[in-house]
$ cat structure-v8.pdb   # PDB, C-alpha atoms and all ligand atoms
ATOM      1  CA  MET A 283    -126.201  34.255  22.192
ATOM      2  CA  THR A 284    -124.925  33.402  25.645
ATOM      3  CA  GLY A 285    -123.161  30.118  26.337
ATOM      4  CA  PRO A 286    -124.088  26.628  25.176
ATOM      5  CA  LEU A 287    -127.486  25.125  25.887
ATOM      6  CA  VAL A 288    -125.941  21.810  26.907
ATOM      7  CA  SER A 289    -122.315  21.139  27.898
ATOM      8  CA  ILE A 290    -121.174  17.554  28.135
ATOM      9  CA  ARG A 291    -117.932  17.254  30.075
ATOM     10  CA  ASP A 292    -115.763  14.153  30.277
ATOM     11  CA  LEU A 293    -118.836  11.946  30.246
ATOM     12  CA  SER A 294    -118.379   8.193  30.685
ATOM     13  CA  VAL A 295    -121.195   5.671  31.039
ATOM     14  CA  THR A 296    -121.302   1.959  31.726
ATOM     15  CA  TYR A 297    -124.538   0.068  32.206
ATOM     16  CA  ARG A 298    -123.068  -2.449  34.616
ATOM     17  CA  ARG A 299    -121.011  -1.212  37.493
ATOM     18  CA  ASP A 300    -118.574  -4.088  37.201
ATOM     19  CA  ALA A 301    -118.256  -3.710  33.442
ATOM     20  CA  THR A 302    -114.853  -3.099  31.963
ATOM     21  CA  SER A 303    -116.262  -1.854  28.673
ATOM     22  CA  PHE A 304    -117.704   1.640  28.484
ATOM     23  CA  SER A 305    -120.794   2.512  26.475
ATOM     24  CA  LEU A 306    -119.491   6.086  26.444
ATOM     25  CA  ARG A 307    -115.967   7.152  27.213
ATOM     26  CA  ASN A 308    -114.701  10.662  28.000
ATOM     27  CA  ILE A 309    -117.116  12.603  25.824
ATOM     28  CA  ASP A 310    -116.758  16.405  25.589
ATOM     29  CA  LEU A 311    -119.420  18.079  23.510
ATOM     30  CA  ASP A 312    -121.451  21.302  23.508
ATOM     31  CA  ILE A 313    -124.841  21.911  21.966
ATOM     32  CA  ALA A 314    -125.484  25.571  21.131
ATOM     33  CA  PRO A 315    -128.958  27.114  21.347
ATOM     34  CA  GLY A 316    -130.787  26.496  18.061
ATOM     35  CA  GLU A 317    -128.038  24.270  16.689
ATOM     36  CA  ARG A 318    -128.733  21.065  14.771
ATOM     37  CA  LEU A 319    -126.236  18.428  15.814
ATOM     38  CA  ALA A 320    -126.212  14.900  14.379
ATOM     39  CA  ILE A 321    -124.715  11.910  16.164
ATOM     40  CA  ILE A 322    -123.762   9.125  13.802
ATOM     41  CA  GLY A 323    -122.024   5.792  14.144
ATOM     42  CA  GLU A 324    -122.795   2.130  13.699
ATOM     43  CA  SER A 325    -124.931   0.015  15.981
ATOM     44  CA  GLY A 326    -123.633  -0.124  19.537
ATOM     45  CA  SER A 327    -121.415   2.956  19.189
ATOM     46  CA  GLY A 328    -123.160   4.757  22.073
ATOM     47  CA  LYS A 329    -125.480   7.161  20.229
ATOM     48  CA  SER A 330    -128.610   6.308  22.190
ATOM     49  CA  THR A 331    -126.661   6.222  25.446
ATOM     50  CA  LEU A 332    -125.605   9.816  24.799
ATOM     51  CA  ALA A 333    -129.158  10.889  23.906
ATOM     52  CA  LEU A 334    -130.581   9.224  27.032
ATOM     53  CA  ALA A 335    -127.848  10.709  29.225
ATOM     54  CA  VAL A 336    -128.598  14.234  27.987
ATOM     55  CA  ALA A 337    -132.309  13.699  28.642
ATOM     56  CA  GLY A 338    -131.664  12.191  32.077
ATOM     57  CA  LEU A 339    -133.286   8.938  30.986
ATOM     58  CA  LEU A 340    -130.503   6.412  31.655
ATOM     59  CA  PRO A 341    -131.533   3.542  33.933
ATOM     60  CA  PRO A 342    -130.648   4.215  37.589
ATOM     61  CA  THR A 343    -128.285   1.231  37.549
ATOM     62  CA  ALA A 344    -126.028   2.894  34.964
ATOM     63  CA  ALA A 345    -122.759   4.303  36.278
ATOM     64  CA  VAL A 346    -122.317   7.853  35.003
ATOM     65  CA  ASN A 347    -119.127   9.875  35.404
ATOM     66  CA  GLY A 348    -118.488  13.428  34.294
ATOM     67  CA  ALA A 349    -121.031  16.199  33.953
ATOM     68  CA  ILE A 350    -123.890  17.332  31.768
ATOM     69  CA  LEU A 351    -124.542  21.014  32.294
ATOM     70  CA  TRP A 352    -127.821  22.507  31.182
ATOM     71  CA  SER A 353    -127.547  26.188  30.255
ATOM     72  CA  GLY A 354    -124.329  26.347  32.237
ATOM     73  CA  GLN A 355    -125.928  25.080  35.441
ATOM     74  CA  LEU A 356    -125.557  21.711  37.097
ATOM     75  CA  GLN A 357    -129.326  21.606  37.540
ATOM     76  CA  LEU A 358    -131.167  18.886  35.648
ATOM     77  CA  PRO A 359    -133.494  19.876  32.811
ATOM     78  CA  ARG A 360    -137.160  19.098  33.310
ATOM     79  CA  GLY A 361    -138.054  16.123  31.082
ATOM     80  CA  GLY A 362    -140.834  16.879  28.634
ATOM     81  CA  ARG A 363    -140.558  20.606  29.434
ATOM     82  CA  ASP A 364    -136.981  21.539  28.536
ATOM     83  CA  ILE A 365    -136.264  18.517  26.361
ATOM     84  CA  GLY A 366    -138.559  16.760  23.909
ATOM     85  CA  PHE A 367    -137.682  13.178  22.983
ATOM     86  CA  VAL A 368    -138.772  11.252  19.888
ATOM     87  CA  PHE A 369    -137.911   7.563  19.741
ATOM     88  CA  GLN A 370    -137.616   5.216  16.771
ATOM     89  CA  ASP A 371    -140.881   3.504  17.561
ATOM     90  CA  ALA A 372    -143.782   5.867  18.206
ATOM     91  CA  SER A 373    -145.911   2.976  19.475
ATOM     92  CA  ALA A 374    -143.526   2.680  22.397
ATOM     93  CA  SER A 375    -144.033   6.295  23.487
ATOM     94  CA  LEU A 376    -147.759   6.674  22.739
ATOM     95  CA  ASP A 377    -150.326   5.196  25.107
ATOM     96  CA  PRO A 378    -152.369   2.705  23.014
ATOM     97  CA  VAL A 379    -155.612   3.380  24.920
ATOM     98  CA  MET A 380    -155.397   7.177  24.916
ATOM     99  CA  ALA A 381    -156.762   9.388  22.127
ATOM    100  CA  VAL A 382    -153.820  11.158  20.516
ATOM    101  CA  GLY A 383    -155.282  14.611  21.197
ATOM    102  CA  ARG A 384    -155.422  13.815  24.895
ATOM    103  CA  GLU A 385    -151.868  12.459  24.788
ATOM    104  CA  ILE A 386    -150.599  15.773  23.388
ATOM    105  CA  ALA A 387    -152.906  17.896  25.555
ATOM    106  CA  GLU A 388    -151.573  16.163  28.662
ATOM    107  CA  VAL A 389    -148.081  17.533  27.975
ATOM    108  CA  ALA A 390    -149.405  21.098  27.709
ATOM    109  CA  HIS A 391    -151.650  20.605  30.752
ATOM    110  CA  THR A 392    -148.807  19.235  32.888
ATOM    111  CA  HIS A 393    -145.968  21.503  31.844
ATOM    112  CA  LEU A 394    -147.639  24.740  30.727
ATOM    113  CA  ASP A 395    -150.318  24.845  33.391
ATOM    114  CA  GLN A 396    -153.038  25.054  30.766
ATOM    115  CA  ASP A 397    -156.617  24.013  31.548
ATOM    116  CA  TRP A 398    -157.999  21.136  29.468
ATOM    117  CA  ALA A 399    -159.812  23.374  26.964
ATOM    118  CA  GLN A 400    -156.633  25.372  26.297
ATOM    119  CA  ALA A 401    -154.536  22.208  26.176
ATOM    120  CA  GLU A 402    -156.902  20.620  23.670
ATOM    121  CA  ARG A 403    -156.769  23.710  21.458
ATOM    122  CA  ARG A 404    -152.991  23.503  21.613
ATOM    123  CA  ALA A 405    -153.132  19.817  20.657
ATOM    124  CA  LEU A 406    -155.243  20.661  17.611
ATOM    125  CA  GLU A 407    -152.843  23.414  16.591
ATOM    126  CA  LEU A 408    -149.890  21.014  16.997
ATOM    127  CA  LEU A 409    -151.584  18.347  14.867
ATOM    128  CA  ARG A 410    -151.856  21.008  12.168
ATOM    129  CA  ARG A 411    -148.230  21.983  12.607
ATOM    130  CA  VAL A 412    -147.063  18.392  12.107
ATOM    131  CA  LYS A 413    -149.228  18.369   8.944
ATOM    132  CA  LEU A 414    -151.628  15.594   9.809
ATOM    133  CA  PRO A 415    -154.588  15.574   7.428
ATOM    134  CA  ASP A 416    -157.920  16.280   9.101
ATOM    135  CA  PRO A 417    -156.487  17.158  12.529
ATOM    136  CA  GLY A 418    -159.983  17.519  14.007
ATOM    137  CA  THR A 419    -160.567  13.804  13.425
ATOM    138  CA  VAL A 420    -157.053  12.720  14.359
ATOM    139  CA  LEU A 421    -157.529  14.461  17.719
ATOM    140  CA  HIS A 422    -159.957  11.678  18.702
ATOM    141  CA  ALA A 423    -158.121   8.804  17.000
ATOM    142  CA  TYR A 424    -156.117   6.109  18.780
ATOM    143  CA  PRO A 425    -152.533   5.285  17.775
ATOM    144  CA  HIS A 426    -153.469   1.953  16.122
ATOM    145  CA  GLN A 427    -155.776   3.825  13.719
ATOM    146  CA  LEU A 428    -152.840   5.751  12.273
ATOM    147  CA  SER A 429    -149.995   4.771   9.933
ATOM    148  CA  GLY A 430    -146.428   4.543  11.230
ATOM    149  CA  GLY A 431    -145.564   7.906   9.704
ATOM    150  CA  GLN A 432    -148.689   9.535  11.165
ATOM    151  CA  ARG A 433    -147.900   8.065  14.597
ATOM    152  CA  GLN A 434    -144.415   9.527  14.373
ATOM    153  CA  ARG A 435    -145.955  12.948  13.586
ATOM    154  CA  VAL A 436    -148.120  12.619  16.691
ATOM    155  CA  ALA A 437    -145.057  11.660  18.763
ATOM    156  CA  ILE A 438    -143.267  14.764  17.458
ATOM    157  CA  ALA A 439    -146.291  16.939  18.315
ATOM    158  CA  ALA A 440    -146.268  15.555  21.877
ATOM    159  CA  ALA A 441    -142.494  16.042  22.152
ATOM    160  CA  ILE A 442    -142.698  19.742  21.264
ATOM    161  CA  ALA A 443    -146.001  20.482  23.045
ATOM    162  CA  ALA A 444    -144.363  22.160  26.040
ATOM    163  CA  GLY A 445    -142.032  24.264  23.880
ATOM    164  CA  PRO A 446    -138.732  22.560  24.776
ATOM    165  CA  ARG A 447    -135.415  24.227  23.933
ATOM    166  CA  LEU A 448    -133.919  20.925  22.810
ATOM    167  CA  LEU A 449    -135.502  18.228  20.655
ATOM    168  CA  ILE A 450    -133.813  14.834  20.680
ATOM    169  CA  ALA A 451    -134.707  12.464  17.842
ATOM    170  CA  ASP A 452    -133.183   8.997  18.284
ATOM    171  CA  GLU A 453    -133.484   7.117  14.976
ATOM    172  CA  ALA A 454    -136.869   8.803  14.693
ATOM    173  CA  THR A 455    -137.156   7.987  10.996
ATOM    174  CA  SER A 456    -135.325   4.654  10.809
ATOM    175  CA  ALA A 457    -138.424   2.467  10.891
ATOM    176  CA  LEU A 458    -140.113   4.383   8.064
ATOM    177  CA  ASP A 459    -139.833   3.899   4.321
ATOM    178  CA  THR A 460    -137.628   6.301   2.374
ATOM    179  CA  ILE A 461    -140.325   8.724   1.232
ATOM    180  CA  VAL A 462    -141.968   9.061   4.637
ATOM    181  CA  GLN A 463    -138.496   9.321   6.175
ATOM    182  CA  ALA A 464    -137.702  12.337   3.960
ATOM    183  CA  GLU A 465    -141.022  13.976   4.879
ATOM    184  CA  ILE A 466    -140.405  13.546   8.602
ATOM    185  CA  VAL A 467    -136.858  14.911   8.277
ATOM    186  CA  ALA A 468    -138.240  17.969   6.450
ATOM    187  CA  LEU A 469    -140.874  18.390   9.147
ATOM    188  CA  ILE A 470    -138.311  18.223  11.954
ATOM    189  CA  ARG A 471    -136.154  20.765  10.139
ATOM    190  CA  GLN A 472    -139.108  23.147   9.793
ATOM    191  CA  LEU A 473    -140.269  22.774  13.408
ATOM    192  CA  VAL A 474    -136.856  23.376  14.978
ATOM    193  CA  ALA A 475    -136.347  26.418  12.757
ATOM    194  CA  GLU A 476    -139.770  27.883  13.593
ATOM    195  CA  ASP A 477    -139.438  27.320  17.337
ATOM    196  CA  GLY A 478    -135.708  28.048  17.603
ATOM    197  CA  MET A 479    -135.123  24.640  19.196
ATOM    198  CA  ALA A 480    -131.753  22.935  19.233
ATOM    199  CA  LEU A 481    -131.825  19.464  17.682
ATOM    200  CA  LEU A 482    -129.883  16.357  18.640
ATOM    201  CA  PHE A 483    -130.453  14.010  15.717
ATOM    202  CA  VAL A 484    -129.270  10.444  16.279
ATOM    203  CA  SER A 485    -128.881   8.338  13.161
ATOM    204  CA  HIS A 486    -126.766   5.558  11.689
ATOM    205  CA  ASP A 487    -127.342   7.186   8.285
ATOM    206  CA  ILE A 488    -124.561   9.656   7.501
ATOM    207  CA  ALA A 489    -126.308  11.053   4.395
ATOM    208  CA  LEU A 490    -129.492  11.793   6.313
ATOM    209  CA  ALA A 491    -127.448  13.407   9.079
ATOM    210  CA  ALA A 492    -125.642  15.609   6.553
ATOM    211  CA  GLU A 493    -128.948  16.762   5.105
ATOM    212  CA  LEU A 494    -130.237  17.962   8.440
ATOM    213  CA  ALA A 495    -127.343  18.949  10.666
ATOM    214  CA  ASP A 496    -125.054  21.945  11.114
ATOM    215  CA  ARG A 497    -122.475  19.733  12.792
ATOM    216  CA  ILE A 498    -121.862  16.004  12.846
ATOM    217  CA  ALA A 499    -120.291  14.003  15.680
ATOM    218  CA  VAL A 500    -119.063  10.538  14.738
ATOM    219  CA  PHE A 501    -119.130   7.884  17.449
ATOM    220  CA  ARG A 502    -117.333   4.570  17.478
ATOM    221  CA  ARG A 503    -117.332   2.103  20.357
ATOM    222  CA  GLY A 504    -118.334   4.735  22.882
ATOM    223  CA  GLU A 505    -115.803   7.319  21.774
ATOM    224  CA  MET A 506    -116.278  10.443  19.713
ATOM    225  CA  VAL A 507    -113.784  10.060  16.889
ATOM    226  CA  GLU A 508    -114.718  13.130  14.857
ATOM    227  CA  LEU A 509    -116.672  16.352  15.299
ATOM    228  CA  GLY A 510    -117.042  19.105  12.732
ATOM    229  CA  LYS A 511    -119.246  21.107  10.422
ATOM    230  CA  ALA A 512    -121.484  18.755   8.431
ATOM    231  CA  ASN A 513    -119.959  19.803   5.087
ATOM    232  CA  ALA A 514    -116.419  19.330   6.299
ATOM    233  CA  VAL A 515    -117.112  15.915   7.791
ATOM    234  CA  ILE A 516    -118.786  14.734   4.583
ATOM    235  CA  GLN A 517    -116.333  16.266   2.107
ATOM    236  CA  ALA A 518    -113.078  15.915   4.007
ATOM    237  CA  PRO A 519    -113.457  13.389   6.809
ATOM    238  CA  GLU A 520    -110.428  13.240   9.069
ATOM    239  CA  HIS A 521    -110.935   9.886  10.672
ATOM    240  CA  ALA A 522    -110.586   6.602   8.801
ATOM    241  CA  TYR A 523    -113.764   5.346  10.425
ATOM    242  CA  THR A 524    -115.776   8.295   9.045
ATOM    243  CA  LYS A 525    -114.351   7.561   5.587
ATOM    244  CA  LYS A 526    -115.485   3.981   5.971
ATOM    245  CA  LEU A 527    -119.025   5.078   6.884
ATOM    246  CA  LEU A 528    -119.075   7.403   3.873
ATOM    247  CA  ASP A 529    -117.699   4.772   1.509
ATOM    248  CA  ALA A 530    -120.300   2.285   2.668
ATOM    249  CA  HIS A 531    -123.027   4.801   1.999
ATOM    250  CA  ILE A 532    -121.747   6.085  -1.338
ATOM    251  CA  GLY A 533    -121.131   2.536  -2.508
ATOM    252  CA  LEU A 534    -124.715   1.727  -1.743
ATOM    253  CA  ASP A 535    -126.053   4.691  -3.703
ATOM    254  CA  ALA A 536    -123.805   4.242  -6.708
ATOM    255  CA  GLU A 537    -124.007   0.482  -7.052
ATOM    256  CA  PRO A 538    -127.345  -0.697  -5.728
ATOM    257  CA  MET A 539    -127.004  -4.051  -7.492
ATOM    258  CA  ILE A 540    -124.000  -5.050  -5.457
ATOM    259  CA  ALA A 541    -124.988  -3.372  -2.206
ATOM    260  CA  PRO A 542    -123.353  -5.189   0.666
ATOM    261  CA  VAL A 543    -125.842  -7.158   2.724
ATOM    262  CA  GLY A 544    -126.329  -6.088   6.308
ATOM    263  CA  HIS A 545    -126.043  -2.366   5.694
ATOM    264  CA  GLY A 546    -127.961  -0.312   8.184
ATOM    265  CA  HIS A 547    -129.562  -1.322  11.424
ATOM    266  CA  VAL A 548    -129.222  -4.913  12.564
TER     267      VAL A 548
HETATM  268  N1  LIG B   1    -129.838  -0.918  28.907
HETATM  269  C1  LIG B   1    -128.615  -1.411  28.611
HETATM  270  N2  LIG B   1    -128.016  -2.321  29.418
HETATM  271  C2  LIG B   1    -126.796  -2.822  29.128
HETATM  272  N3  LIG B   1    -126.057  -2.449  28.065
HETATM  273  C3  LIG B   1    -126.587  -1.541  27.224
HETATM  274  C4  LIG B   1    -127.896  -0.998  27.446
HETATM  275  N4  LIG B   1    -128.141  -0.113  26.449
HETATM  276  C5  LIG B   1    -127.070  -0.130  25.628
HETATM  277  N5  LIG B   1    -126.128  -0.981  26.090
HETATM  278  C6  LIG B   1    -124.796  -1.229  25.480
HETATM  279  O1  LIG B   1    -124.118   0.008  25.368
HETATM  280  C7  LIG B   1    -123.441   0.105  24.115
HETATM  281  C8  LIG B   1    -123.930   1.326  23.370
HETATM  282  O2  LIG B   1    -125.305   1.131  23.044
HETATM  283  P1  LIG B   1    -126.217   2.237  22.383
HETATM  284  O3  LIG B   1    -127.616   1.744  22.417
HETATM  285  O4  LIG B   1    -125.932   3.533  23.006
HETATM  286  O5  LIG B   1    -125.678   2.245  20.892
HETATM  287  P2  LIG B   1    -126.306   2.908  19.574
HETATM  288  O6  LIG B   1    -125.194   3.587  18.880
HETATM  289  O7  LIG B   1    -127.494   3.715  19.929
HETATM  290  O8  LIG B   1    -126.741   1.621  18.717
HETATM  291  P3  LIG B   1    -127.987   1.418  17.718
HETATM  292  O9  LIG B   1    -127.599   2.096  16.433
HETATM  293  O10 LIG B   1    -128.065  -0.063  17.562
HETATM  294  O11 LIG B   1    -129.195   2.015  18.335
HETATM  295  C9  LIG B   1    -123.697  -1.207  23.394
HETATM  296  O12 LIG B   1    -122.604  -2.058  23.645
HETATM  297  C10 LIG B   1    -124.934  -1.748  24.060
HETATM  298  O13 LIG B   1    -124.961  -3.150  24.039
HETATM  299 NI    NI B   2    -129.491   3.612  19.392
END

$ encode --input "structure-v8.pdb" --output "C-alpha cells"
Amino acid sequence: MTGPLVSIRDLSVTYRRDATSFSLRNIDLDIAPGERLAIIGESGSGKSTLALAVAGLLPPTAAVNGAILWSGQLQLPRGGRDIGFVFQDASASLDPVMAVGREIAEVAHTHLDQDWAQAERRALELLRRVKLPDPGTVLHAYPHQLSGGQRQRVAIAAAIAAGPRLLIADEATSALDTIVQAEIVALIRQLVAEDGMALLFVSHDIALAAELADRIAVFRRGEMVELGKANAVIQAPEHAYTKKLLDAHIGLDAEPMIAPVGHGHV
C-alpha cells in the first residue's frame, strides 16, 4: 500500500472564534487504507468534532487550524463520494418523504453518473447487501415504515452507495438495543471488509470499539491521550483515563446489580 488514506496534522478546532477552550487540540493521526480505527472517549471529548472535520462537515463558523490531508493531497474529499457518513439517528439523515430506494439511488445517480434505472438496480442490490428482508418492498417504503435498526441499515446502504474509500460511523449503533447493535456492528465489519473501505468508528463504548477496530484512539477533553492496537489498548492501557474507561465498563459487565447510574451517553 502507498501512504495513508487520511493524515490529520496538528489539528485544533474551536466552535467559537473567541473561545478559550478547544474542542480538539493538536491532533496527529493517520488512517491507513482499509484500516478500522475506533475513536473512544466520554461525552464532549471531541469524537464527533474529529469525525465531522475529516468529512469536511464542520459548521463554517468553526475555527480550524492544522491540516487534514486526503491521500497525501491537500485537496478536499468529495462528500458522499469519497467518504460515507452514518450518524446516530438515521431519521436525521433520511428524507422522511422520500422512498428509501430513491434515497439510495440518488447517491449512485449523483456520484456515479448512473441513469435512474441503473441507480435503482444498485439501490436494490445495496438493500440486499445490508440484509433487509424483502428488499423489493423496502425499496418503495418510507423511513417511518421501518424499525430503527432497519432505518440504520438503509442509512448505511446510502452511505456506501457511491463506493467511498472511508466510512465514518458516529455512534451509529448507540440508539439501538443490544442485539440490533451487535447485528449492525457485524454488518459494518462485513461491508468494510468486502469493499476494502477504511472505517472510522466513533463510540463511547470501549468494548464495542475493541470488537470492531484494528486500532483505538482514546480522546479526552479534545486531546488524544492514547493510540494503539486495539488489543494493546484493552489489555495494557497506558493512560490512567483509558484504565478508568475500561474499569467502568468491566465493572458494569461483572456487577450489573450495582452498575453505576449515568453510564453511557447523557
Ligand atoms: N456545534 C457546536 N457548537 C459549539 N460547541 C460545540 C458544537 N459541537 C460540539 N461542541 C463542543 O465541542 C466539544 C466536543 O464535542 P463533540 O460533540 O465533538 O464530543 P463527543 O465526544 O462527540 O461527545 P458525545 O459522546 O456526547 O457525542 C464539547 O465541549 C461540545 O460542547
Ligand atoms: Ni459525538

$ residues_around --input "structure-v8.pdb" --residues "segment 422-434 of chain A" --least-positions-apart "3" --cutoff "7 Å" --atoms "all atoms listed in the file" --output "PyMOL selection string"
chain A and resi 372+378-383+414+419+437-438+458+462

$ axis_aligned_box --input "structure-v8.pdb" --around "segment 307-316 of chain A" --padding-each-side "8 Å" --output "JSON"
{"center_x": -122.7, "center_y": 17.1, "center_z": 23.0, "size_x": 32.1, "size_y": 36.0, "size_z": 25.9}

$ closest_atom_pairs --input "structure-v8.pdb" --of "chain A" --to "ligand NI 2 (chain B)" --cutoff "10 Å" --atoms "all atoms listed in the file" --output "JSON lines"
{"residue": "A:Ile322", "atom": "CA", "partner": "B:NI2", "partner_atom": "NI", "distance": 9.7}
{"residue": "A:Gly323", "atom": "CA", "partner": "B:NI2", "partner_atom": "NI", "distance": 9.4}
{"residue": "A:Glu324", "atom": "CA", "partner": "B:NI2", "partner_atom": "NI", "distance": 8.9}
{"residue": "A:Ser325", "atom": "CA", "partner": "B:NI2", "partner_atom": "NI", "distance": 6.7}
{"residue": "A:Gly326", "atom": "CA", "partner": "B:NI2", "partner_atom": "NI", "distance": 6.9}
{"residue": "A:Ser327", "atom": "CA", "partner": "B:NI2", "partner_atom": "NI", "distance": 8.1}
{"residue": "A:Gly328", "atom": "CA", "partner": "B:NI2", "partner_atom": "NI", "distance": 7.0}
{"residue": "A:Lys329", "atom": "CA", "partner": "B:NI2", "partner_atom": "NI", "distance": 5.4}
{"residue": "A:Ser330", "atom": "CA", "partner": "B:NI2", "partner_atom": "NI", "distance": 4.0}
{"residue": "A:Thr331", "atom": "CA", "partner": "B:NI2", "partner_atom": "NI", "distance": 7.2}
{"residue": "A:Leu332", "atom": "CA", "partner": "B:NI2", "partner_atom": "NI", "distance": 9.1}
{"residue": "A:Ala333", "atom": "CA", "partner": "B:NI2", "partner_atom": "NI", "distance": 8.6}
{"residue": "A:Leu334", "atom": "CA", "partner": "B:NI2", "partner_atom": "NI", "distance": 9.5}
{"residue": "A:Phe369", "atom": "CA", "partner": "B:NI2", "partner_atom": "NI", "distance": 9.3}
{"residue": "A:Gln370", "atom": "CA", "partner": "B:NI2", "partner_atom": "NI", "distance": 8.7}
{"residue": "A:Asp452", "atom": "CA", "partner": "B:NI2", "partner_atom": "NI", "distance": 6.6}
{"residue": "A:Glu453", "atom": "CA", "partner": "B:NI2", "partner_atom": "NI", "distance": 6.9}
{"residue": "A:Val484", "atom": "CA", "partner": "B:NI2", "partner_atom": "NI", "distance": 7.5}
{"residue": "A:Ser485", "atom": "CA", "partner": "B:NI2", "partner_atom": "NI", "distance": 7.8}
{"residue": "A:His486", "atom": "CA", "partner": "B:NI2", "partner_atom": "NI", "distance": 8.4}
{"residue": "A:His547", "atom": "CA", "partner": "B:NI2", "partner_atom": "NI", "distance": 9.4}

$ atom_distance --input "structure-v8.pdb" --atom1 "atom CA of Val336 of chain A" --atom2 "atom CA of Leu449 of chain A"
10.8 Å

$ resolve_selection --input "structure-v8.pdb" --expression "the PyMOL selection byres (((chain A and resi 509) around 8) and not hetatm)" --output "CSV table (one decimal) with C-alpha atoms, in the coordinates of the input"
chain,number,residue,atom,x,y,z
A,497,ARG,CA,-122.5,19.7,12.8
A,498,ILE,CA,-121.9,16.0,12.8
A,499,ALA,CA,-120.3,14.0,15.7
A,500,VAL,CA,-119.1,10.5,14.7
A,506,MET,CA,-116.3,10.4,19.7
A,507,VAL,CA,-113.8,10.1,16.9
A,508,GLU,CA,-114.7,13.1,14.9
A,510,GLY,CA,-117.0,19.1,12.7
A,511,LYS,CA,-119.2,21.1,10.4
A,515,VAL,CA,-117.1,15.9,7.8

$ build_atoms --input "structure-v8.pdb" --residues "segment 514-529 of chain A" --atoms "N, CA and C atoms" --output "compact mmCIF listing (two decimals), in the frame of the given file"
# COMPACT_ATOMS: atom_id res chain seq x y z
N ALA A 514 -117.81 19.73 6.16
CA ALA A 514 -116.42 19.33 6.30
C ALA A 514 -116.31 17.83 6.57
N VAL A 515 -117.18 17.34 7.45
CA VAL A 515 -117.11 15.92 7.79
C VAL A 515 -117.44 15.05 6.57
N ILE A 516 -118.38 15.51 5.76
CA ILE A 516 -118.79 14.73 4.58
C ILE A 516 -117.74 14.84 3.47
N GLN A 517 -117.22 16.06 3.25
CA GLN A 517 -116.33 16.27 2.11
C GLN A 517 -114.88 15.95 2.41
N ALA A 518 -114.48 16.18 3.66
CA ALA A 518 -113.08 15.92 4.01
C ALA A 518 -112.99 15.27 5.39
N PRO A 519 -113.50 14.05 5.51
CA PRO A 519 -113.46 13.39 6.81
C PRO A 519 -112.02 13.17 7.27
N GLU A 520 -111.80 13.38 8.56
CA GLU A 520 -110.43 13.24 9.07
C GLU A 520 -110.14 11.83 9.55
N HIS A 521 -111.17 11.19 10.06
CA HIS A 521 -110.94 9.89 10.67
C HIS A 521 -111.25 8.75 9.69
N ALA A 522 -110.41 7.73 9.72
CA ALA A 522 -110.59 6.60 8.80
C ALA A 522 -111.96 5.97 8.95
N TYR A 523 -112.46 5.96 10.18
CA TYR A 523 -113.76 5.35 10.42
C TYR A 523 -114.88 6.13 9.73
N THR A 524 -114.78 7.46 9.74
CA THR A 524 -115.78 8.30 9.04
C THR A 524 -115.72 8.01 7.55
N LYS A 525 -114.51 7.88 7.02
CA LYS A 525 -114.35 7.56 5.59
C LYS A 525 -115.03 6.24 5.26
N LYS A 526 -114.88 5.29 6.16
CA LYS A 526 -115.48 3.98 5.97
C LYS A 526 -117.01 4.10 5.93
N LEU A 527 -117.56 4.87 6.87
CA LEU A 527 -119.02 5.08 6.88
C LEU A 527 -119.50 5.72 5.59
N LEU A 528 -118.73 6.71 5.11
CA LEU A 528 -119.08 7.40 3.87
C LEU A 528 -118.97 6.47 2.67
N ASP A 529 -117.89 5.71 2.62
CA ASP A 529 -117.70 4.77 1.51
C ASP A 529 -118.84 3.77 1.45
